[in-house]
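Worksheet: one structure, shown below.
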Amino acid sequence: MTVAREPATGQAAQAHAIEASSPAEAAPLRRHLLPPSDGSRYRQLTLALGAGGDLSLTAHEMGASPEAAWGADDHEVSLSLPSEAVARLAFALLAEQLKGRADGFERLRALCERHGVDHRLACWT
């Protein structure tokens with residue numbers, strides 16, 4: 001059995017190294033998932049991974065709206081997952097994405113490498 005550790009590369013490696021340098025002070029990892037707003041309405045969808053492994057998704061929308069009582073509105077909602085649930089969610093999402101794909105192994109490995117996720121590759125011959 002051969003076991004090799006796959007190091008992170010590129011920008012993902014730099015971001016991972018910065019985050020790993022001070023785990024006690026690590027700020028949540030955040031990704032904004034929507035493009036910039038069109039000007040009349042502000043829309044933001046933000047995914048955040050907390051230092052303790054918890055996950056949250058926040059949607060925020062505000063601005064001019066014909067449906068709003070005063071011509072403008074502000075709506076914010078969030079969904080939070082405790083760290084114990086994040087692994088189960090990752091499993092479910094990966095199972096959905098990889099089901100029936102002959103290239104599933106390569107896709108998961110590429111995803112790990114692209115995002116600087118530590119992983120271990122084992123090969124038996």
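A note on labels: chains of the structure tokens are A, B, ... as shown, every chain counts residues from 1, and ligands are counted from 1 in their shown order.
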Spatial neighbours of Leu108 in chain A, 10 Å, only C-alpha atoms, chain gap at least 5 places, as a list in words
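What passes the distance filter is Leu94, Gln97, Leu98, Asp103, Glu113 and Arg114 of chain A.
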Taking only C-alpha atoms into account, which of A:Arg88, A:Phe105, A:Ala122, A:Asp38 comes nearest Ala64 in chain A?
A:Asp38
Would you list the contacts of Leu33 in chain A as a list in words, taking every protein, DNA or RNA residue within 8 Å and counting only C-alpha atoms, but skipping same-chain residues closer than 5 positions in sequence?
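After dropping sequence-adjacent residues, the list is Gln44, Leu45, Thr46 and Leu47 of chain A.
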Residues just named, written with N, CA and C atoms as a short mmCIF file (atom, residue, chain, number, x, y, z; two decimals), in the first residue's frame:
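Full text of selection_19.cif as output:
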```cif
data_model
loop_
_atom_site.label_atom_id
_atom_site.label_comp_id
_atom_site.auth_asym_id
_atom_site.auth_seq_id
_atom_site.Cartn_x
_atom_site.Cartn_y
_atom_site.Cartn_z
N GLN A 44 -27.38 39.81 -1.65
CA GLN A 44 -26.15 39.15 -1.23
C GLN A 44 -26.49 37.78 -0.67
N LEU A 45 -25.72 36.79 -1.06
CA LEU A 45 -25.83 35.44 -0.53
C LEU A 45 -24.43 35.07 -0.06
N THR A 46 -24.28 34.85 1.24
CA THR A 46 -22.96 34.63 1.82
C THR A 46 -22.92 33.30 2.56
N LEU A 47 -21.92 32.50 2.22
CA LEU A 47 -21.68 31.24 2.89
C LEU A 47 -20.48 31.43 3.80
#
```
What is the distance between CA of Arg31 in chain A and CA of His119 in chain A, in Å to one decimal?
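Taking CA of Arg31 in chain A and CA of His119 in chain A, their separation equals 21.6 Å.
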Which residue of A:Leu55, A:Val117, A:Cys123, A:Ala48 approaches Leu89 in chain A most closely, using only C-alpha atoms
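Of the candidates, the smallest distance to Leu89 in chain A is held by A:Leu55.
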Which of A:Glu76, A:Ala102, A:Arg109, A:Ala87 sits closest to Leu121 in chain A [using only C-alpha atoms]
A:Arg109
Among listed residues A:Arg107, A:Leu93, A:Arg43, A:Leu49, nearest Ser80 in chain A (using only C-alpha atoms):
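Once distances to Ser80 in chain A are computed over only C-alpha atoms, the minimum belongs to A:Leu49.
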When you draw a straight line from CA of Ser40 in chain A to CA of Glu61 in chain A, how long is it in Å?
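Atom-to-atom, CA of Ser40 in chain A and CA of Glu61 in chain A are spaced 10.7 Å apart.
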Looking only at alpha helix (DSSP H) from DSSP on the backbone, list the matching residues of range 34-108 of chain A as an MDAnalysis selection string.
chainID A and resid 83:98 104:108
What is the distance between CA of Met62 in chain A and CA of Pro35 in chain A, in Å to one decimal?
15.0 Å
Write out as a VMD selection string all residues of range 17-123 of chain A that backbone DSSP assigns to strand (DSSP E or B).
chain A and resid 29 to 32 41 to 49 55 to 64 72 to 81 119 to 123
